[in-house]
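A.B. asks: Input file: upload.txt. Contents: compact mmCIF, N, CA and C atoms.
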# COMPACT_ATOMS: atom_id res chain seq x y z
N MET O 186 50.68 21.21 25.11
CA MET O 186 50.11 21.29 26.43
C MET O 186 51.15 21.87 27.38
N THR O 187 50.72 22.79 28.16
CA THR O 187 51.66 23.43 29.07
C THR O 187 51.84 22.66 30.37
N ASP O 188 50.85 21.89 30.79
CA ASP O 188 50.96 21.19 32.07
C ASP O 188 51.48 19.77 31.92
N GLY O 189 51.81 19.33 30.72
CA GLY O 189 52.39 18.01 30.51
C GLY O 189 51.39 16.88 30.37
N ARG O 190 50.09 17.15 30.54
CA ARG O 190 49.08 16.11 30.39
C ARG O 190 48.66 16.00 28.93
N PRO O 191 48.37 14.78 28.45
CA PRO O 191 47.92 14.62 27.06
C PRO O 191 46.55 15.26 26.83
N GLU O 192 46.26 15.55 25.57
CA GLU O 192 44.99 16.18 25.21
C GLU O 192 43.80 15.26 25.49
N TYR O 193 43.88 14.00 25.05
CA TYR O 193 42.78 13.05 25.22
C TYR O 193 43.34 11.72 25.70
N VAL O 194 42.71 11.16 26.72
CA VAL O 194 43.09 9.84 27.23
C VAL O 194 41.84 8.99 27.34
N PHE O 195 41.83 7.86 26.68
CA PHE O 195 40.76 6.88 26.82
C PHE O 195 41.35 5.77 27.67
N ASP O 196 40.78 5.54 28.85
CA ASP O 196 41.29 4.47 29.71
C ASP O 196 40.30 3.31 29.72
N GLU O 197 40.69 2.24 30.36
CA GLU O 197 39.87 1.03 30.41
C GLU O 197 39.51 0.58 28.99
N VAL O 198 40.50 0.55 28.11
CA VAL O 198 40.30 0.20 26.71
C VAL O 198 40.71 -1.24 26.47
N GLN O 199 39.84 -1.99 25.82
CA GLN O 199 40.18 -3.35 25.41
C GLN O 199 40.81 -3.24 24.02
N ILE O 200 42.03 -3.74 23.87
CA ILE O 200 42.77 -3.64 22.61
C ILE O 200 43.14 -5.05 22.17
N GLY O 201 42.92 -5.34 20.88
CA GLY O 201 43.26 -6.66 20.37
C GLY O 201 43.62 -6.61 18.90
N ARG O 202 44.22 -7.71 18.44
CA ARG O 202 44.53 -7.91 17.02
C ARG O 202 43.79 -9.17 16.61
N GLY O 203 42.75 -9.00 15.82
CA GLY O 203 41.91 -10.14 15.47
C GLY O 203 41.27 -10.68 16.74
N LEU O 204 41.44 -11.98 16.97
CA LEU O 204 40.89 -12.59 18.18
C LEU O 204 41.88 -12.59 19.33
N ARG O 205 43.09 -12.09 19.09
CA ARG O 205 44.13 -12.11 20.12
C ARG O 205 44.08 -10.83 20.97
N PRO O 206 43.75 -10.95 22.25
CA PRO O 206 43.74 -9.75 23.09
C PRO O 206 45.16 -9.28 23.42
N LEU O 207 45.35 -7.98 23.39
CA LEU O 207 46.63 -7.39 23.76
C LEU O 207 46.55 -6.65 25.09
N ALA O 208 45.38 -6.09 25.39
CA ALA O 208 45.20 -5.35 26.66
C ALA O 208 43.73 -5.38 27.04
N GLN O 209 43.44 -5.73 28.26
CA GLN O 209 42.08 -5.71 28.76
C GLN O 209 41.73 -4.33 29.34
N HIS O 210 42.69 -3.70 29.96
CA HIS O 210 42.49 -2.38 30.57
C HIS O 210 43.58 -1.42 30.07
N GLY O 211 43.68 -1.31 28.74
CA GLY O 211 44.72 -0.48 28.14
C GLY O 211 44.31 0.98 28.03
N PHE O 212 45.12 1.71 27.27
CA PHE O 212 44.93 3.15 27.12
C PHE O 212 45.11 3.54 25.66
N VAL O 213 44.31 4.50 25.21
CA VAL O 213 44.52 5.16 23.92
C VAL O 213 44.72 6.62 24.25
N ILE O 214 45.87 7.15 23.83
CA ILE O 214 46.21 8.54 24.11
C ILE O 214 46.34 9.28 22.79
N VAL O 215 45.69 10.43 22.71
CA VAL O 215 45.81 11.31 21.55
C VAL O 215 46.39 12.61 22.05
N ASP O 216 47.58 12.94 21.56
CA ASP O 216 48.25 14.15 22.00
C ASP O 216 49.11 14.71 20.88
N ARG O 217 48.91 15.97 20.60
CA ARG O 217 49.71 16.69 19.60
C ARG O 217 49.73 15.98 18.26
N GLY O 218 48.56 15.48 17.84
CA GLY O 218 48.44 14.85 16.54
C GLY O 218 48.97 13.44 16.45
N VAL O 219 49.24 12.79 17.58
CA VAL O 219 49.77 11.43 17.59
C VAL O 219 48.85 10.55 18.44
N LEU O 220 48.49 9.39 17.90
CA LEU O 220 47.71 8.41 18.64
C LEU O 220 48.66 7.33 19.15
N THR O 221 48.53 6.99 20.43
CA THR O 221 49.38 5.98 21.05
C THR O 221 48.50 4.94 21.73
N LEU O 222 48.79 3.67 21.46
CA LEU O 222 48.12 2.56 22.11
C LEU O 222 49.05 2.00 23.18
N LEU O 223 48.55 1.93 24.42
CA LEU O 223 49.33 1.39 25.53
C LEU O 223 48.60 0.19 26.12
N GLY O 224 49.36 -0.80 26.53
CA GLY O 224 48.78 -1.99 27.16
C GLY O 224 48.35 -1.72 28.59
N SER O 225 47.79 -2.74 29.23
CA SER O 225 47.34 -2.63 30.62
C SER O 225 48.49 -2.24 31.54
N ASP O 226 49.70 -2.68 31.17
CA ASP O 226 50.90 -2.37 31.96
C ASP O 226 51.57 -1.07 31.51
N ARG O 227 50.88 -0.31 30.67
CA ARG O 227 51.33 0.98 30.12
C ARG O 227 52.53 0.86 29.18
N ARG O 228 52.77 -0.34 28.68
CA ARG O 228 53.84 -0.51 27.68
C ARG O 228 53.28 -0.16 26.31
N LEU O 229 54.16 0.38 25.46
CA LEU O 229 53.77 0.80 24.13
C LEU O 229 53.38 -0.40 23.27
N ILE O 230 52.18 -0.32 22.67
CA ILE O 230 51.75 -1.32 21.69
C ILE O 230 52.05 -0.79 20.30
N ASP O 231 51.63 0.46 20.02
CA ASP O 231 51.87 1.08 18.72
C ASP O 231 51.59 2.58 18.84
N SER O 232 52.14 3.34 17.90
CA SER O 232 51.95 4.78 17.90
C SER O 232 52.17 5.30 16.48
N ALA O 233 51.36 6.31 16.09
CA ALA O 233 51.50 6.90 14.76
C ALA O 233 50.78 8.24 14.73
N PRO O 234 51.17 9.11 13.78
CA PRO O 234 50.46 10.38 13.61
C PRO O 234 49.01 10.11 13.20
N LEU O 235 48.09 10.93 13.68
CA LEU O 235 46.67 10.75 13.37
C LEU O 235 46.39 10.75 11.87
N ALA O 236 47.14 11.55 11.13
CA ALA O 236 46.91 11.66 9.69
C ALA O 236 47.16 10.34 8.96
N THR O 237 47.92 9.42 9.55
CA THR O 237 48.24 8.15 8.89
C THR O 237 47.35 7.00 9.38
N ILE O 238 46.45 7.27 10.33
CA ILE O 238 45.62 6.23 10.93
C ILE O 238 44.24 6.25 10.29
N THR O 239 43.72 5.07 9.99
CA THR O 239 42.35 4.96 9.52
C THR O 239 41.54 4.22 10.58
N GLY O 240 40.27 4.56 10.64
CA GLY O 240 39.40 3.92 11.63
C GLY O 240 37.99 3.83 11.13
N ARG O 241 37.30 2.80 11.61
CA ARG O 241 35.89 2.62 11.26
C ARG O 241 35.23 1.83 12.38
N PRO O 242 33.92 2.03 12.57
CA PRO O 242 33.23 1.24 13.58
C PRO O 242 33.08 -0.20 13.13
N VAL O 243 33.09 -1.12 14.07
CA VAL O 243 32.87 -2.54 13.77
C VAL O 243 31.37 -2.78 13.89
N ARG O 244 30.74 -3.16 12.79
CA ARG O 244 29.29 -3.29 12.75
C ARG O 244 28.74 -4.30 13.75
N MET O 245 29.39 -5.44 13.88
CA MET O 245 28.87 -6.50 14.75
C MET O 245 28.76 -6.04 16.21
N THR O 246 29.46 -4.99 16.58
CA THR O 246 29.45 -4.52 17.97
C THR O 246 28.55 -3.29 18.13
N ARG O 247 27.79 -2.96 17.10
CA ARG O 247 26.90 -1.79 17.11
C ARG O 247 27.64 -0.51 17.48
N GLY O 248 28.85 -0.36 16.97
CA GLY O 248 29.61 0.87 17.16
C GLY O 248 30.39 0.95 18.46
N GLN O 249 30.40 -0.11 19.26
CA GLN O 249 31.11 -0.09 20.52
C GLN O 249 32.60 -0.36 20.35
N THR O 250 32.97 -0.96 19.23
CA THR O 250 34.36 -1.27 18.94
C THR O 250 34.77 -0.56 17.66
N VAL O 251 36.00 -0.08 17.64
CA VAL O 251 36.55 0.63 16.48
C VAL O 251 37.69 -0.20 15.92
N SER O 252 37.72 -0.34 14.61
CA SER O 252 38.84 -0.99 13.94
C SER O 252 39.81 0.10 13.49
N LEU O 253 41.02 0.10 14.05
CA LEU O 253 42.04 1.08 13.71
C LEU O 253 43.17 0.42 12.95
N THR O 254 43.65 1.07 11.90
CA THR O 254 44.84 0.61 11.21
C THR O 254 45.96 1.59 11.54
N VAL O 255 46.94 1.10 12.30
CA VAL O 255 48.06 1.90 12.77
C VAL O 255 49.33 1.27 12.23
N ASN O 256 50.07 2.00 11.43
CA ASN O 256 51.32 1.49 10.84
C ASN O 256 51.11 0.17 10.11
N GLY O 257 49.98 0.04 9.42
CA GLY O 257 49.68 -1.16 8.65
C GLY O 257 49.13 -2.32 9.45
N THR O 258 48.99 -2.18 10.75
CA THR O 258 48.46 -3.25 11.60
C THR O 258 47.06 -2.87 12.05
N ARG O 259 46.13 -3.82 11.93
CA ARG O 259 44.75 -3.56 12.32
C ARG O 259 44.52 -3.97 13.77
N TYR O 260 43.98 -3.05 14.54
CA TYR O 260 43.67 -3.28 15.95
C TYR O 260 42.17 -3.09 16.17
N ASN O 261 41.59 -3.90 17.04
CA ASN O 261 40.22 -3.70 17.49
C ASN O 261 40.31 -3.02 18.85
N VAL O 262 39.68 -1.87 18.95
CA VAL O 262 39.78 -1.04 20.15
C VAL O 262 38.37 -0.76 20.67
N SER O 263 38.14 -1.06 21.95
CA SER O 263 36.84 -0.81 22.58
C SER O 263 37.04 0.13 23.77
N PRO O 264 36.95 1.45 23.55
CA PRO O 264 37.15 2.40 24.65
C PRO O 264 36.07 2.24 25.72
N GLY O 265 36.48 2.19 26.96
CA GLY O 265 35.54 2.09 28.06
C GLY O 265 35.01 0.70 28.32
N TRP O 266 35.42 -0.28 27.53
CA TRP O 266 34.91 -1.64 27.65
C TRP O 266 35.25 -2.27 29.00
N GLY O 267 36.41 -1.97 29.52
CA GLY O 267 36.83 -2.56 30.78
C GLY O 267 36.40 -1.76 32.00
N ALA O 268 35.65 -0.67 31.77
CA ALA O 268 35.23 0.18 32.89
C ALA O 268 34.29 -0.57 33.81
N ARG O 269 34.34 -0.20 35.07
CA ARG O 269 33.46 -0.82 36.05
C ARG O 269 32.52 0.26 36.62
N PRO O 270 31.48 0.61 35.86
CA PRO O 270 30.57 1.63 36.36
C PRO O 270 29.78 1.12 37.57
N THR O 271 29.26 2.03 38.37
CA THR O 271 28.55 1.63 39.57
C THR O 271 27.23 0.94 39.24
N LEU O 272 26.52 1.39 38.20
CA LEU O 272 25.26 0.77 37.83
C LEU O 272 25.12 0.82 36.32
N VAL O 273 25.05 -0.34 35.70
CA VAL O 273 24.81 -0.43 34.27
C VAL O 273 23.71 -1.46 34.06
N LEU O 274 22.66 -1.05 33.38
CA LEU O 274 21.59 -1.98 33.10
C LEU O 274 22.04 -2.96 32.03
N PRO O 275 21.51 -4.19 32.05
CA PRO O 275 21.91 -5.17 31.02
C PRO O 275 21.66 -4.61 29.62
N GLY O 276 22.67 -4.73 28.77
CA GLY O 276 22.57 -4.26 27.40
C GLY O 276 22.83 -2.77 27.23
N ASP O 277 23.05 -2.03 28.31
CA ASP O 277 23.29 -0.60 28.21
C ASP O 277 24.78 -0.32 28.18
N MET O 278 25.34 -0.17 26.99
CA MET O 278 26.76 0.12 26.84
C MET O 278 26.93 1.47 26.14
N THR O 279 26.04 2.42 26.43
CA THR O 279 26.06 3.74 25.80
C THR O 279 27.38 4.44 26.03
N HIS O 280 27.97 4.30 27.22
CA HIS O 280 29.24 4.98 27.50
C HIS O 280 30.35 4.50 26.59
N VAL O 281 30.32 3.23 26.20
CA VAL O 281 31.32 2.70 25.29
C VAL O 281 31.10 3.26 23.89
N ARG O 282 29.88 3.25 23.43
CA ARG O 282 29.57 3.75 22.11
C ARG O 282 29.96 5.22 21.99
N THR O 283 29.73 5.99 22.99
CA THR O 283 30.08 7.40 22.98
C THR O 283 31.60 7.59 22.90
N ALA O 284 32.34 6.82 23.66
CA ALA O 284 33.80 6.91 23.62
C ALA O 284 34.33 6.47 22.26
N ALA O 285 33.75 5.43 21.68
CA ALA O 285 34.18 4.96 20.37
C ALA O 285 33.91 6.02 19.31
N GLN O 286 32.77 6.67 19.38
CA GLN O 286 32.46 7.73 18.43
C GLN O 286 33.40 8.92 18.60
N ALA O 287 33.75 9.24 19.84
CA ALA O 287 34.69 10.34 20.09
C ALA O 287 36.06 10.02 19.51
N LEU O 288 36.50 8.77 19.66
CA LEU O 288 37.80 8.37 19.11
C LEU O 288 37.79 8.46 17.59
N LEU O 289 36.73 7.97 16.96
CA LEU O 289 36.63 8.06 15.50
C LEU O 289 36.62 9.52 15.04
N HIS O 290 35.98 10.39 15.78
CA HIS O 290 35.94 11.80 15.43
C HIS O 290 37.35 12.41 15.48
N LEU O 291 38.12 12.06 16.50
CA LEU O 291 39.49 12.57 16.62
C LEU O 291 40.37 12.11 15.46
N ILE O 292 40.17 10.86 15.04
CA ILE O 292 40.96 10.31 13.94
C ILE O 292 40.58 10.98 12.62
N ALA O 293 39.32 11.27 12.45
CA ALA O 293 38.83 11.86 11.18
C ALA O 293 39.24 13.33 11.03
N LEU O 294 39.47 14.04 12.12
CA LEU O 294 39.75 15.48 12.04
C LEU O 294 40.94 15.86 11.17
N PRO O 295 42.13 15.26 11.31
CA PRO O 295 43.28 15.75 10.55
C PRO O 295 43.12 15.64 9.04
N GLY O 296 42.53 14.56 8.54
CA GLY O 296 42.47 14.37 7.09
C GLY O 296 41.13 14.68 6.47
N ASP O 297 40.15 15.11 7.24
CA ASP O 297 38.80 15.33 6.74
C ASP O 297 38.60 16.82 6.44
N PRO O 298 38.49 17.19 5.17
CA PRO O 298 38.35 18.60 4.82
C PRO O 298 36.99 19.19 5.21
N THR O 299 36.00 18.36 5.56
CA THR O 299 34.68 18.87 5.90
C THR O 299 34.57 19.27 7.36
N THR O 300 35.55 18.93 8.20
CA THR O 300 35.47 19.28 9.62
C THR O 300 36.30 20.49 9.93
Let me see the file written as structure tokens.

C.D. replies:
Amino acid sequence: MTDGRPEYVFDEVQIGRGLRPLAQHGFVIVDRGVLTLLGSDRRLIDSAPLATITGRPVRMTRGQTVSLTVNGTRYNVSPGWGARPTLVLPGDMTHVRTAAQALLHLIALPGDPTT
């Protein structure tokens, strides 16, 4: 990037390990083939090249949460979960599902020969 900004930034991300929350309003940054998890205070939680990260949707959340394995540690990541939209109808979390699918797509790109 020539302007110094990362390629992809997911903000308002809920990040946790199992039932233990690590960040309510954290960040997932994807830049130059590296995924970085940052806490609400922007401190580093974990970082690794995309090619070494595995991810899958968490079924119980209907695709709103992604399970990522980064450096052997499993994290539950919900992009957009902490967002405060102006109007959201009860049960309408489409924006979260879309962000989760986008994150999974970014992770699948480096090692997926079909893309």

A.B. asks: Which residues, written as a PDB file with N, CA and C atoms, in the frame of the given file, have at least one atom at most 7 Å from range 187-198 of chain O, with only C-alpha atoms counted and residues fewer than 2 positions away on the same chain left out?

C.D. replies:
ATOM      1  N   ILE O 200      42.030  -3.740  23.870  1.00  0.00           N
ATOM      2  CA  ILE O 200      42.770  -3.640  22.610  1.00  0.00           C
ATOM      3  C   ILE O 200      43.140  -5.050  22.170  1.00  0.00           C
ATOM      4  N   GLN O 209      43.440  -5.730  28.260  1.00  0.00           N
ATOM      5  CA  GLN O 209      42.080  -5.710  28.760  1.00  0.00           C
ATOM      6  C   GLN O 209      41.730  -4.330  29.340  1.00  0.00           C
ATOM      7  N   HIS O 210      42.690  -3.700  29.960  1.00  0.00           N
ATOM      8  CA  HIS O 210      42.490  -2.380  30.570  1.00  0.00           C
ATOM      9  C   HIS O 210      43.580  -1.420  30.070  1.00  0.00           C
ATOM     10  N   GLY O 211      43.680  -1.310  28.740  1.00  0.00           N
ATOM     11  CA  GLY O 211      44.720  -0.480  28.140  1.00  0.00           C
ATOM     12  C   GLY O 211      44.310   0.980  28.030  1.00  0.00           C
ATOM     13  N   PHE O 212      45.120   1.710  27.270  1.00  0.00           N
ATOM     14  CA  PHE O 212      44.930   3.150  27.120  1.00  0.00           C
ATOM     15  C   PHE O 212      45.110   3.540  25.660  1.00  0.00           C
ATOM     16  N   VAL O 213      44.310   4.500  25.210  1.00  0.00           N
ATOM     17  CA  VAL O 213      44.520   5.160  23.920  1.00  0.00           C
ATOM     18  C   VAL O 213      44.720   6.620  24.250  1.00  0.00           C
ATOM     19  N   ILE O 214      45.870   7.150  23.830  1.00  0.00           N
ATOM     20  CA  ILE O 214      46.210   8.540  24.110  1.00  0.00           C
ATOM     21  C   ILE O 214      46.340   9.280  22.790  1.00  0.00           C
ATOM     22  N   VAL O 215      45.690  10.430  22.710  1.00  0.00           N
ATOM     23  CA  VAL O 215      45.810  11.310  21.550  1.00  0.00           C
ATOM     24  C   VAL O 215      46.390  12.610  22.050  1.00  0.00           C
ATOM     25  N   ASP O 216      47.580  12.940  21.560  1.00  0.00           N
ATOM     26  CA  ASP O 216      48.250  14.150  22.000  1.00  0.00           C
ATOM     27  C   ASP O 216      49.110  14.710  20.880  1.00  0.00           C
ATOM     28  N   VAL O 262      39.680  -1.870  18.950  1.00  0.00           N
ATOM     29  CA  VAL O 262      39.780  -1.040  20.150  1.00  0.00           C
ATOM     30  C   VAL O 262      38.370  -0.760  20.670  1.00  0.00           C
ATOM     31  N   SER O 263      38.140  -1.060  21.950  1.00  0.00           N
ATOM     32  CA  SER O 263      36.840  -0.810  22.580  1.00  0.00           C
ATOM     33  C   SER O 263      37.040   0.130  23.770  1.00  0.00           C
ATOM     34  N   PRO O 264      36.950   1.450  23.550  1.00  0.00           N
ATOM     35  CA  PRO O 264      37.150   2.400  24.650  1.00  0.00           C
ATOM     36  C   PRO O 264      36.070   2.240  25.720  1.00  0.00           C
ATOM     37  N   GLY O 265      36.480   2.190  26.960  1.00  0.00           N
ATOM     38  CA  GLY O 265      35.540   2.090  28.060  1.00  0.00           C
ATOM     39  C   GLY O 265      35.010   0.700  28.320  1.00  0.00           C
ATOM     40  N   TRP O 266      35.420  -0.280  27.530  1.00  0.00           N
ATOM     41  CA  TRP O 266      34.910  -1.640  27.650  1.00  0.00           C
ATOM     42  C   TRP O 266      35.250  -2.270  29.000  1.00  0.00           C
ATOM     43  N   GLY O 267      36.410  -1.970  29.520  1.00  0.00           N
ATOM     44  CA  GLY O 267      36.830  -2.560  30.780  1.00  0.00           C
ATOM     45  C   GLY O 267      36.400  -1.760  32.000  1.00  0.00           C
ATOM     46  N   ALA O 268      35.650  -0.670  31.770  1.00  0.00           N
ATOM     47  CA  ALA O 268      35.230   0.180  32.890  1.00  0.00           C
ATOM     48  C   ALA O 268      34.290  -0.570  33.810  1.00  0.00           C
TER      49      ALA O 268
END

A.B. asks: Which one of O:Leu222, O:Ala285, O:Arg217, O:Leu253 sits closest to Ile238 in chain O if you count all atoms listed in the file?

C.D. replies: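 Under the stated criterion, the closest residue is O:Leu253.
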
A.B. asks: Have a look at O:Gly224, O:Gln286, O:Val243, O:Ile292 and name the one nearest to Gly203 in chain O; count only C-alpha atoms.

C.D. replies: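 Answer, going by the shortest atom-to-atom distance: O:Val243.
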
A.B. asks: Between CA of Gly218 in chain O and CA of Met245 in chain O, measure the distance and give it in Å to one decimal.

C.D. replies: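 Between CA of Gly218 in chain O and CA of Met245 in chain O the gap works out to 29.0 Å.
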
A.B. asks: Could you work out how far CA of Gly248 in chain O lies from atom C of Leu229 in chain O, giving the answer in Å with one decimal?

C.D. replies: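 It comes out at 24.6 Å.
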
A.B. asks: I'd like the interatomic distance between atom N of Ala208 in chain O and CA of Leu294 in chain O, to a tenth of an Å.

C.D. replies: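 Going from atom N of Ala208 in chain O over to CA of Leu294 in chain O covers 26.0 Å.
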
A.B. asks: Show me, as a PyMOL selection string, the residues that have an atom within 8 Å of Leu289 in chain O when counting all atoms listed in the file, minus same-chain residues fewer than 2 positions from it.

C.D. replies: chain O and resi 239-242+251+283-287+291-294

A.B. asks: Which residue, O:Val255, O:Ile230, O:Leu288, O:Leu235, has the smallest gap to Pro206 in chain O when you use only C-alpha atoms?

C.D. replies: O:Ile230
